[in-house]
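Following: one structure in structure tokens, then a few remarks.
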Amino acid sequence: MSILAMRHLRVIAAKEERESLLKDLSRLGCLEITEASQDLREDLPKFSEAQVAQVRSRLQELANAMAVVKDHAKVKRGMFAEKPTVSEAELLKFEAVAETEQVAARINGLARSLQQSYAEEGRLQNRKEALIPWRELDVALDIESGKYHVAQFGVTPSAKPFEELERAVLAKTPDAVLYRASSDSEQHYLFLVCHRDDYDAVSETLREFGFGKTQFKDTNGTAAEEIGKVDAALSNLESERKALTHEIANYAEMLPALELAHDVLKTKLEQELAQEQMLETRTTFLLEGWVPQPAEAKLVKCLEKHGCAYELREPTDEEEPPILTKNPWWAAPFGMITDMYSPPAYRGFDPNPFMAVYFSLFFGLMFSDAGYGLLMLIAVAFAKWKLKPKGTMGKVVTIAFFCGITTFVWGALFGGWFGNAIPAVYEMITGQVYSKSMALWFDPLNDPMKMLLFSFILGAVHIFSGMGIKAYMLIREGKVWDAVFDIGFWWVFLIGVVLTIVGLPGGIYVLGAGALGLILTQGRAKPNLFGKLFSGVLSLYDVTGFLGDILSYSRLLALSMSTAVIAQVVNTMGAMTGPIGFFFIFLIGQVFNIAVSLIGTFVHTSRLQYVEFFGKFYESGGENFAPLTIQSKYVDIIKEEQ
Amino acid sequence: METLFTQFAGMGLALLGAALAAGLAGIGSAKGVGIVGEAASGLVAEDPSKFGQTILLQALPGTQGLYGLLIAFLVLLKVGLIGGADVVVTPEVGAYIFCACIPIAIVGYFSAIAQGRAAAGGVNIIAKRPEELSKAMVYAAMVETYAVLALLVSFLTLNGIQL
């Protein structure tokens, strides 16, 4: 129910203790190491043995190898496969990963060969394509001109027919011979043999036709022979690649080891990053950080075990310690939704218990379908049973559990079971109108005004509790009068407004009293009497803000209605087509409605929290507590008792 | 005018309203969803793993079309084209129903496009800070508020019309 108090820690220890101390700190997971204070940084050099870049590149190697194995080995892993469990000690054996890293290097080597093979294939394909037009020509491509004759390959644009060119050449130099290997839509591929004395005349004619010389490199033999060689090389490459792929696939069983090594190095990386923040002398190092007060005792024990000198103190007013909230199991997961906005400021208020209540309440109200609620609960039960979710996934499942319950309850109250599926089926089968109401309370579609009013009342409660939190925060800071003036009078005034609208006789007096209080107090920061009164009167204008906030809760009606009516559209359409059509349309349509309504519901529920609720009191801007811990993305850790 | 009314009759007006509600709001949503899709394609071309997040944003401007459909459906129910209720739609009632459809038709059209722009902007957020998806969604949701209000007015008006 609260933001934990943080204590600032400064530690000096001998360098030979560094490795074992950091490992123990990772185990404890209760110290966030931060940059050392400014004054110390001026006097002491940065710790010089941090190897962040080196560990990063080792991690990259491992990640590459994992990707390669997954690409080629078709690793079969069930969607719900459990992660292997590993002890903490195992994850802190930094030296033990060397062997796995060698395997990774081998895998990456194979992958590189594979890539080279693809590059080579591309090169050969290009060569083959260049040779194909010359295939019909029975002349060795490396033929050389002699003392008396010139032999030359070349191309001309195929815009002019070959015969024209041949005629032009023969007209001038009847002894020249011009062969055509082939033509395509762009070029004629030609081979010319002529006497050396004729060459100038021939090439002049050829130039007029846009002749360009072609030279072949590294060839010996005719084009057809060369193509044969290329084909052989290509099939060689193919079998080589097959062997390589096969070899990589054989490493499939190494994947768990690679993943474990990745987690181990990731843990090491965290430590290296922490070391970057430390300072050093010749034989000692210095680190500073934040520790949550409840964890202080066990941290101190650990520090003493390593013979460290340490100093613990309260944060100063200028410092912004990191945020760690402590909440019961039902509220803690909703911190995720708070964090999407921003974690609270250190000296602010932890809204998560309120978030838990209001978020699930409004979510259920907007999604409001007993059938969908049941589906959510079944999904939650399935996830709990099969996935055993932890971390973020575990939080999502808990949130879904509460939202599923509220969705079910509101749905039953409003009579939505997959929309109007039950009446629709009844009518389809019997042909009679199903006249009983499904709703335990009332059906918002039949009585929207009641629902609208109910939405506004919930909105008012929501906003009033936001203001209540603000009042609590003010009182906590010792500003009791501010709480009375800024919150209390507004409450009186707003309650007066409501009473007047409802038509209760005393309402106008309550309203008047509230207004008077506001006029007298809201301008209290202004220097002169006129300013005070003027600001006071002007502050009443804020009532429009409250009005806007309350009206915003009409989305509770709109979205619950939207869920219900889309489901109704689906059911009605299905019922028109008979039982078989109904089955399919119902299935597809309801899935569609769930998907669309889930997004809408999530977005609008969040908005009500972020804009209307948080707007009243929330102080954001904290950074979440990020202690040095053991990283585990691919494995589950077995905790050891200290 | 009189001839127009008698010829066109109540049913025609009511159906015109339903057509506009579903049609205009639908066009708006189509445009809005299209705008986000274009923006998202650019990002996904660079980083295909962002597909899931962008698809969430792209879905947001789609709701206006659904709101329009919803009102159109309620109109069809009301005039007895669906469900087969036996009602006579007088020209006045037809005109009332037509009016009831206007808010969601017009606001749905424009807000869907505006929301599409906001969500397309949100694609930039995802490009640089994928963890801030929810903020991008809230920006887009701010726009939708007005479509929700229009839906409410359309719905309440339609609900209040006595046949």
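Note on naming: chains are A, B, ... as they come in the structure tokens, residues start from 1 per chain, ligands start from 1 in the order shown.
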
As a ChimeraX atom specification, could you give me every residue of chain A near chain B (at most 9 Å apart, counting only C-alpha atoms)? /A:337,340-341,445-449,551-552,554-555,557-559,562,565-566,569,572,596-597,599-600,603-604,606-607,610

Would you mind exporting N, CA and C atoms of the selected residues as a PDB file, in the first residue's frame?
```
ATOM      1  N   ILE A 337      -0.172  -1.039 -15.053  1.00  0.00           N
ATOM      2  CA  ILE A 337      -0.972  -0.045 -15.769  1.00  0.00           C
ATOM      3  C   ILE A 337      -0.590   1.358 -15.311  1.00  0.00           C
ATOM      4  N   MET A 340       2.569   2.355 -17.044  1.00  0.00           N
ATOM      5  CA  MET A 340       2.422   2.755 -18.446  1.00  0.00           C
ATOM      6  C   MET A 340       2.228   4.262 -18.537  1.00  0.00           C
ATOM      7  N   TYR A 341       1.607   4.839 -17.517  1.00  0.00           N
ATOM      8  CA  TYR A 341       1.472   6.298 -17.460  1.00  0.00           C
ATOM      9  C   TYR A 341       2.801   6.860 -16.985  1.00  0.00           C
ATOM     10  N   LEU A 445     -29.895  -1.411 -22.599  1.00  0.00           N
ATOM     11  CA  LEU A 445     -30.439  -1.088 -23.921  1.00  0.00           C
ATOM     12  C   LEU A 445     -31.902  -0.669 -23.813  1.00  0.00           C
ATOM     13  N   ASN A 446     -32.609  -1.205 -22.808  1.00  0.00           N
ATOM     14  CA  ASN A 446     -34.008  -0.820 -22.640  1.00  0.00           C
ATOM     15  C   ASN A 446     -34.159   0.428 -21.789  1.00  0.00           C
ATOM     16  N   ASP A 447     -33.194   0.671 -20.937  1.00  0.00           N
ATOM     17  CA  ASP A 447     -33.306   1.814 -20.040  1.00  0.00           C
ATOM     18  C   ASP A 447     -31.987   2.582 -20.001  1.00  0.00           C
ATOM     19  N   PRO A 448     -31.643   3.193 -21.141  1.00  0.00           N
ATOM     20  CA  PRO A 448     -30.323   3.817 -21.218  1.00  0.00           C
ATOM     21  C   PRO A 448     -30.145   4.979 -20.241  1.00  0.00           C
ATOM     22  N   MET A 449     -31.245   5.683 -19.933  1.00  0.00           N
ATOM     23  CA  MET A 449     -31.089   6.831 -19.043  1.00  0.00           C
ATOM     24  C   MET A 449     -30.624   6.386 -17.664  1.00  0.00           C
ATOM     25  N   LEU A 551     -19.080  14.031 -17.423  1.00  0.00           N
ATOM     26  CA  LEU A 551     -19.684  13.634 -18.707  1.00  0.00           C
ATOM     27  C   LEU A 551     -18.821  12.581 -19.402  1.00  0.00           C
ATOM     28  N   SER A 552     -17.537  12.654 -19.155  1.00  0.00           N
ATOM     29  CA  SER A 552     -16.628  11.713 -19.790  1.00  0.00           C
ATOM     30  C   SER A 552     -16.976  10.268 -19.425  1.00  0.00           C
ATOM     31  N   SER A 554     -19.758   9.012 -19.505  1.00  0.00           N
ATOM     32  CA  SER A 554     -20.825   8.482 -20.357  1.00  0.00           C
ATOM     33  C   SER A 554     -20.278   7.385 -21.257  1.00  0.00           C
ATOM     34  N   ARG A 555     -18.940   7.345 -21.409  1.00  0.00           N
ATOM     35  CA  ARG A 555     -18.366   6.284 -22.229  1.00  0.00           C
ATOM     36  C   ARG A 555     -18.606   4.906 -21.610  1.00  0.00           C
ATOM     37  N   LEU A 557     -21.465   3.909 -20.511  1.00  0.00           N
ATOM     38  CA  LEU A 557     -22.684   3.468 -21.195  1.00  0.00           C
ATOM     39  C   LEU A 557     -22.399   3.142 -22.650  1.00  0.00           C
ATOM     40  N   ALA A 558     -21.700   4.081 -23.331  1.00  0.00           N
ATOM     41  CA  ALA A 558     -21.509   3.913 -24.772  1.00  0.00           C
ATOM     42  C   ALA A 558     -20.776   2.615 -25.093  1.00  0.00           C
ATOM     43  N   LEU A 559     -19.721   2.319 -24.327  1.00  0.00           N
ATOM     44  CA  LEU A 559     -18.941   1.133 -24.669  1.00  0.00           C
ATOM     45  C   LEU A 559     -19.639  -0.158 -24.265  1.00  0.00           C
ATOM     46  N   SER A 562     -22.032  -0.643 -26.913  1.00  0.00           N
ATOM     47  CA  SER A 562     -21.406  -1.052 -28.164  1.00  0.00           C
ATOM     48  C   SER A 562     -21.082  -2.549 -28.147  1.00  0.00           C
ATOM     49  N   VAL A 565     -24.504  -4.360 -28.494  1.00  0.00           N
ATOM     50  CA  VAL A 565     -25.220  -4.259 -29.768  1.00  0.00           C
ATOM     51  C   VAL A 565     -24.473  -4.982 -30.888  1.00  0.00           C
ATOM     52  N   ILE A 566     -23.133  -4.897 -30.876  1.00  0.00           N
ATOM     53  CA  ILE A 566     -22.399  -5.626 -31.929  1.00  0.00           C
ATOM     54  C   ILE A 566     -22.677  -7.128 -31.794  1.00  0.00           C
ATOM     55  N   VAL A 569     -26.015  -7.686 -33.241  1.00  0.00           N
ATOM     56  CA  VAL A 569     -25.989  -7.681 -34.706  1.00  0.00           C
ATOM     57  C   VAL A 569     -25.567  -9.062 -35.206  1.00  0.00           C
ATOM     58  N   THR A 572     -28.325 -11.667 -34.570  1.00  0.00           N
ATOM     59  CA  THR A 572     -29.474 -11.481 -35.452  1.00  0.00           C
ATOM     60  C   THR A 572     -29.153 -11.956 -36.863  1.00  0.00           C
ATOM     61  N   VAL A 596     -12.354  -6.534 -30.874  1.00  0.00           N
ATOM     62  CA  VAL A 596     -12.553  -5.095 -31.008  1.00  0.00           C
ATOM     63  C   VAL A 596     -12.920  -4.464 -29.661  1.00  0.00           C
ATOM     64  N   SER A 597     -13.837  -5.097 -28.943  1.00  0.00           N
ATOM     65  CA  SER A 597     -14.290  -4.507 -27.687  1.00  0.00           C
ATOM     66  C   SER A 597     -13.197  -4.530 -26.626  1.00  0.00           C
ATOM     67  N   ILE A 599      -9.969  -4.123 -27.090  1.00  0.00           N
ATOM     68  CA  ILE A 599      -9.083  -2.981 -27.315  1.00  0.00           C
ATOM     69  C   ILE A 599      -9.759  -1.710 -26.825  1.00  0.00           C
ATOM     70  N   GLY A 600     -11.003  -1.503 -27.265  1.00  0.00           N
ATOM     71  CA  GLY A 600     -11.725  -0.297 -26.881  1.00  0.00           C
ATOM     72  C   GLY A 600     -11.842  -0.187 -25.372  1.00  0.00           C
ATOM     73  N   VAL A 603      -8.484   0.657 -23.728  1.00  0.00           N
ATOM     74  CA  VAL A 603      -8.063   2.033 -23.972  1.00  0.00           C
ATOM     75  C   VAL A 603      -8.898   3.015 -23.157  1.00  0.00           C
ATOM     76  N   HIS A 604     -10.211   2.815 -23.156  1.00  0.00           N
ATOM     77  CA  HIS A 604     -11.062   3.797 -22.486  1.00  0.00           C
ATOM     78  C   HIS A 604     -11.010   3.666 -20.975  1.00  0.00           C
ATOM     79  N   SER A 606      -8.294   2.783 -19.351  1.00  0.00           N
ATOM     80  CA  SER A 606      -7.027   3.438 -19.018  1.00  0.00           C
ATOM     81  C   SER A 606      -7.194   4.947 -19.035  1.00  0.00           C
ATOM     82  N   ARG A 607      -7.908   5.420 -20.048  1.00  0.00           N
ATOM     83  CA  ARG A 607      -8.071   6.859 -20.163  1.00  0.00           C
ATOM     84  C   ARG A 607      -8.775   7.437 -18.947  1.00  0.00           C
ATOM     85  N   TYR A 610      -6.143   7.600 -16.287  1.00  0.00           N
ATOM     86  CA  TYR A 610      -5.040   8.535 -16.507  1.00  0.00           C
ATOM     87  C   TYR A 610      -5.512   9.981 -16.500  1.00  0.00           C
TER      88      TYR A 610
END
```

Might you pull out every residue within 12 Å of Asn220 in chain A, with only C-alpha atoms counted and same-chain residues fewer than 4 positions away left off, and present them as a PyMOL selection string? chain A and resi 139-144+216+224-227+229

Deliver the residues from the most recent selection as a file, using N, CA, C and O atoms, as a tab-separated table (two decimals), in the first residue's frame.
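Written file, out-v4.tsv:
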```
chain	number	residue	atom	x	y	z
A	139	VAL	N	32.81	-21.10	-80.50
A	139	VAL	CA	34.15	-20.50	-80.50
A	139	VAL	C	34.61	-20.39	-79.05
A	139	VAL	O	33.83	-20.03	-78.18
A	140	ALA	N	35.90	-20.72	-78.83
A	140	ALA	CA	36.41	-20.58	-77.46
A	140	ALA	C	36.37	-19.10	-77.09
A	140	ALA	O	36.76	-18.25	-77.88
A	141	LEU	N	35.92	-18.80	-75.88
A	141	LEU	CA	35.74	-17.40	-75.49
A	141	LEU	C	37.07	-16.70	-75.26
A	141	LEU	O	37.14	-15.48	-75.23
A	142	ASP	N	38.14	-17.51	-75.07
A	142	ASP	CA	39.44	-16.88	-74.86
A	142	ASP	C	40.28	-16.83	-76.15
A	142	ASP	O	41.49	-16.71	-76.13
A	143	ILE	N	39.58	-16.91	-77.28
A	143	ILE	CA	40.27	-16.86	-78.57
A	143	ILE	C	41.02	-15.54	-78.70
A	143	ILE	O	40.54	-14.50	-78.25
A	144	GLU	N	42.22	-15.61	-79.28
A	144	GLU	CA	43.03	-14.39	-79.36
A	144	GLU	C	43.22	-13.94	-80.79
A	144	GLU	O	43.22	-14.76	-81.71
A	216	PHE	N	35.72	-11.44	-72.07
A	216	PHE	CA	35.44	-12.49	-71.08
A	216	PHE	C	36.68	-12.71	-70.23
A	216	PHE	O	37.79	-12.77	-70.75
A	224	ALA	N	29.25	-22.73	-74.03
A	224	ALA	CA	28.52	-23.91	-73.56
A	224	ALA	C	29.35	-24.67	-72.53
A	224	ALA	O	28.84	-25.09	-71.48
A	225	GLU	N	30.66	-24.78	-72.81
A	225	GLU	CA	31.54	-25.48	-71.86
A	225	GLU	C	31.60	-24.72	-70.54
A	225	GLU	O	31.54	-25.29	-69.45
A	226	GLU	N	31.73	-23.39	-70.66
A	226	GLU	CA	31.80	-22.56	-69.46
A	226	GLU	C	30.53	-22.71	-68.62
A	226	GLU	O	30.59	-22.82	-67.41
A	227	ILE	N	29.39	-22.69	-69.30
A	227	ILE	CA	28.11	-22.82	-68.58
A	227	ILE	C	28.07	-24.14	-67.86
A	227	ILE	O	27.63	-24.23	-66.71
A	229	LYS	N	30.59	-25.71	-66.66
A	229	LYS	CA	31.43	-25.61	-65.47
A	229	LYS	C	30.69	-24.87	-64.36
A	229	LYS	O	30.73	-25.27	-63.19
```

CA of Phe47 in chain A and CA of Met278 in chain A are how many Å apart? 5.3 Å

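You can rank A:Glu49, A:Glu101, A:Asp486, A:Asp231 by their closest distance to Leu265 in chain A using only C-alpha atoms, and at the top of that list sits A:Glu101.
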
DSSP on the backbone, then: every residue of chain B marked alpha helix (DSSP H), written as a short mmCIF file (atom, residue, chain, number, x, y, z; two decimals) with C-alpha atoms, in the first residue's frame.
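Done, and the output landed in states_17.cif:
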```
data_model
loop_
_atom_site.label_atom_id
_atom_site.label_comp_id
_atom_site.auth_asym_id
_atom_site.auth_seq_id
_atom_site.Cartn_x
_atom_site.Cartn_y
_atom_site.Cartn_z
CA GLU B 2 -45.12 18.41 -49.16
CA THR B 3 -44.92 16.19 -52.17
CA LEU B 4 -41.38 15.31 -51.33
CA PHE B 5 -42.49 14.20 -47.91
CA THR B 6 -45.45 12.18 -49.04
CA GLN B 7 -43.51 10.55 -51.81
CA PHE B 8 -40.44 9.92 -49.80
CA ALA B 9 -42.39 8.89 -46.75
CA GLY B 10 -41.17 8.11 -43.26
CA MET B 11 -39.56 4.79 -44.03
CA GLY B 12 -37.36 6.35 -46.69
CA LEU B 13 -36.12 9.05 -44.34
CA ALA B 14 -35.39 6.57 -41.59
CA LEU B 15 -33.46 4.33 -43.96
CA LEU B 16 -31.58 7.31 -45.39
CA GLY B 17 -30.52 8.09 -41.83
CA ALA B 18 -29.38 4.54 -41.23
CA ALA B 19 -27.51 4.54 -44.53
CA LEU B 20 -25.73 7.77 -43.65
CA ALA B 21 -24.85 6.56 -40.14
CA ALA B 22 -23.29 3.35 -41.36
CA GLY B 23 -22.00 4.92 -44.58
CA LEU B 24 -20.36 8.14 -43.42
CA ALA B 25 -18.95 6.72 -40.18
CA GLY B 26 -17.75 3.73 -42.18
CA ILE B 27 -16.02 5.92 -44.77
CA GLY B 28 -14.38 7.87 -41.96
CA SER B 29 -13.14 4.70 -40.32
CA ALA B 30 -11.90 3.36 -43.62
CA LYS B 31 -9.91 6.53 -44.15
CA GLY B 32 -8.65 6.58 -40.58
CA VAL B 33 -7.60 2.95 -40.59
CA GLY B 34 -5.98 3.51 -43.96
CA ILE B 35 -3.92 6.45 -42.67
CA VAL B 36 -2.57 4.37 -39.79
CA GLY B 37 -1.91 1.45 -42.10
CA GLU B 38 0.23 3.60 -44.39
CA ALA B 39 2.24 4.96 -41.50
CA ALA B 40 2.62 1.51 -39.97
CA SER B 41 3.81 -0.09 -43.22
CA GLY B 42 6.78 2.24 -43.26
CA LEU B 43 7.74 1.15 -39.77
CA VAL B 44 7.08 -2.56 -40.27
CA ALA B 45 9.21 -2.54 -43.42
CA GLU B 46 12.12 -1.60 -41.16
CA PHE B 51 3.47 -5.56 -36.39
CA GLY B 52 1.50 -6.57 -33.30
CA GLN B 53 1.78 -3.14 -31.74
CA THR B 54 0.91 -1.23 -34.89
CA ILE B 55 -2.12 -3.41 -35.53
CA LEU B 56 -3.50 -2.30 -32.16
CA LEU B 57 -3.14 1.33 -33.17
CA GLN B 58 -4.62 0.65 -36.56
CA ALA B 59 -7.72 -0.87 -35.00
CA THR B 63 -14.64 1.94 -33.90
CA GLN B 64 -16.48 4.86 -35.48
CA GLY B 65 -17.60 2.60 -38.31
CA LEU B 66 -18.86 0.16 -35.72
CA TYR B 67 -20.74 2.92 -33.89
CA GLY B 68 -22.36 3.86 -37.19
CA LEU B 69 -23.27 0.25 -37.84
CA LEU B 70 -24.67 0.03 -34.34
CA ILE B 71 -27.01 3.00 -34.83
CA ALA B 72 -28.00 1.79 -38.30
CA PHE B 73 -28.82 -1.58 -36.82
CA LEU B 74 -30.95 -0.05 -34.09
CA VAL B 75 -32.80 1.99 -36.73
CA LEU B 76 -33.47 -1.13 -38.80
CA LEU B 77 -34.76 -2.85 -35.66
CA LYS B 78 -36.93 0.13 -34.85
CA VAL B 79 -38.59 0.41 -38.26
CA PRO B 91 -43.11 11.04 -42.15
CA GLU B 92 -42.53 12.88 -38.87
CA VAL B 93 -41.12 9.84 -37.14
CA GLY B 94 -38.99 9.15 -40.18
CA ALA B 95 -37.60 12.68 -39.97
CA TYR B 96 -36.90 12.25 -36.26
CA ILE B 97 -35.02 9.03 -36.89
CA PHE B 98 -33.11 10.72 -39.66
CA CYS B 99 -32.06 13.47 -37.25
CA ALA B 100 -31.04 10.91 -34.66
CA CYS B 101 -28.59 9.40 -37.14
CA ILE B 102 -26.87 12.68 -37.98
CA PRO B 103 -24.53 13.02 -34.96
CA ILE B 104 -22.81 9.68 -35.36
CA ALA B 105 -22.76 10.04 -39.16
CA ILE B 106 -20.98 13.39 -39.16
CA VAL B 107 -18.90 13.18 -35.99
CA GLY B 108 -18.04 9.57 -36.78
CA TYR B 109 -16.72 10.59 -40.19
CA PHE B 110 -14.49 13.39 -39.01
CA SER B 111 -13.35 11.91 -35.72
CA ALA B 112 -12.29 8.67 -37.38
CA ILE B 113 -10.02 10.59 -39.73
CA ALA B 114 -8.63 12.75 -36.94
CA GLN B 115 -8.09 9.67 -34.81
CA GLY B 116 -6.35 8.01 -37.73
CA ARG B 117 -3.90 10.93 -37.82
CA ALA B 118 -3.33 10.78 -34.09
CA ALA B 119 -2.74 7.04 -34.26
CA ALA B 120 -0.41 7.48 -37.25
CA GLY B 121 1.55 9.86 -35.06
CA GLY B 122 1.52 7.14 -32.44
CA VAL B 123 3.31 4.88 -34.92
CA ASN B 124 6.27 7.23 -34.53
CA ILE B 125 6.18 6.65 -30.79
CA ILE B 126 6.29 2.91 -31.38
CA ALA B 127 9.17 3.33 -33.80
CA LYS B 128 11.33 5.02 -31.21
CA LEU B 133 2.47 1.95 -26.78
CA SER B 134 -0.20 2.74 -24.21
CA LYS B 135 0.57 6.44 -24.41
CA ALA B 136 0.12 6.38 -28.16
CA MET B 137 -3.18 4.62 -27.62
CA VAL B 138 -4.37 7.16 -25.08
CA TYR B 139 -3.64 10.03 -27.47
CA ALA B 140 -5.81 8.37 -30.06
CA ALA B 141 -8.46 7.57 -27.47
CA MET B 142 -8.74 11.26 -26.60
CA VAL B 143 -10.06 11.86 -30.11
CA GLU B 144 -12.54 9.04 -29.88
CA THR B 145 -14.26 10.69 -26.91
CA TYR B 146 -16.25 12.85 -29.28
CA ALA B 147 -17.37 9.93 -31.38
CA VAL B 148 -18.52 8.29 -28.15
CA LEU B 149 -20.48 11.41 -27.23
CA ALA B 150 -22.06 11.55 -30.68
CA LEU B 151 -22.94 7.88 -30.41
CA LEU B 152 -24.61 8.59 -27.10
CA VAL B 153 -26.67 11.46 -28.51
CA SER B 154 -27.70 9.38 -31.50
CA PHE B 155 -28.60 6.49 -29.28
CA LEU B 156 -30.51 8.52 -26.71
CA THR B 157 -32.41 10.38 -29.41
CA LEU B 158 -33.30 7.19 -31.21
CA ASN B 159 -34.33 5.60 -27.95
CA GLY B 160 -36.56 8.53 -27.10
#
```

Residues flagged strand (DSSP E) by DSSP in range 16-255 of chain A, as a ChimeraX atom specification: /A:32-34,85-87,149-157,177-183,187-195,212-214

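One distance worth recording is that between CA of Ala98 in chain A and CA of Ala261 in chain A, which is 8.7 Å.
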
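CA of Pro133 in chain A to CA of Thr214 in chain A spans 12.0 Å [interatomic distance, one decimal].
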
Determine, using only C-alpha atoms, which residues of range 207-267 of chain A have any atom at most 12 Å from an atom of range 11-26 of chain A, and tabulate each with its shortest atom pair and distance in Å to one decimal place, rows ordered by chain and then rising number, as JSON lines.
```
{"residue": "A:Val264", "atom": "CA", "partner": "A:Lys23", "partner_atom": "CA", "distance": 11.6}
{"residue": "A:Lys266", "atom": "CA", "partner": "A:Ser26", "partner_atom": "CA", "distance": 11.7}
{"residue": "A:Thr267", "atom": "CA", "partner": "A:Ser26", "partner_atom": "CA", "distance": 8.0}
```

Would you mind exporting the chosen residues as a compact mmCIF listing (two decimals), in the first residue's frame, restricted to N, CA, C and O atoms?
```
# COMPACT_ATOMS: atom_id res chain seq x y z
N VAL A 264 23.43 -16.14 -18.28
CA VAL A 264 24.59 -15.96 -17.40
C VAL A 264 25.35 -14.69 -17.78
O VAL A 264 25.67 -13.86 -16.93
N LYS A 266 24.23 -12.20 -19.44
CA LYS A 266 23.37 -11.04 -19.20
C LYS A 266 23.51 -10.59 -17.75
O LYS A 266 23.59 -9.39 -17.46
N THR A 267 23.58 -11.55 -16.85
CA THR A 267 23.79 -11.23 -15.44
C THR A 267 25.15 -10.55 -15.27
O THR A 267 25.29 -9.57 -14.55
```

Long-range neighbours of Gln115 in chain A as a PyMOL selection string, 12 Å cut-off, only C-alpha atoms, 2 positions minimum in chain: chain A and resi 68+108-113+117-122+237+240-241+244-245
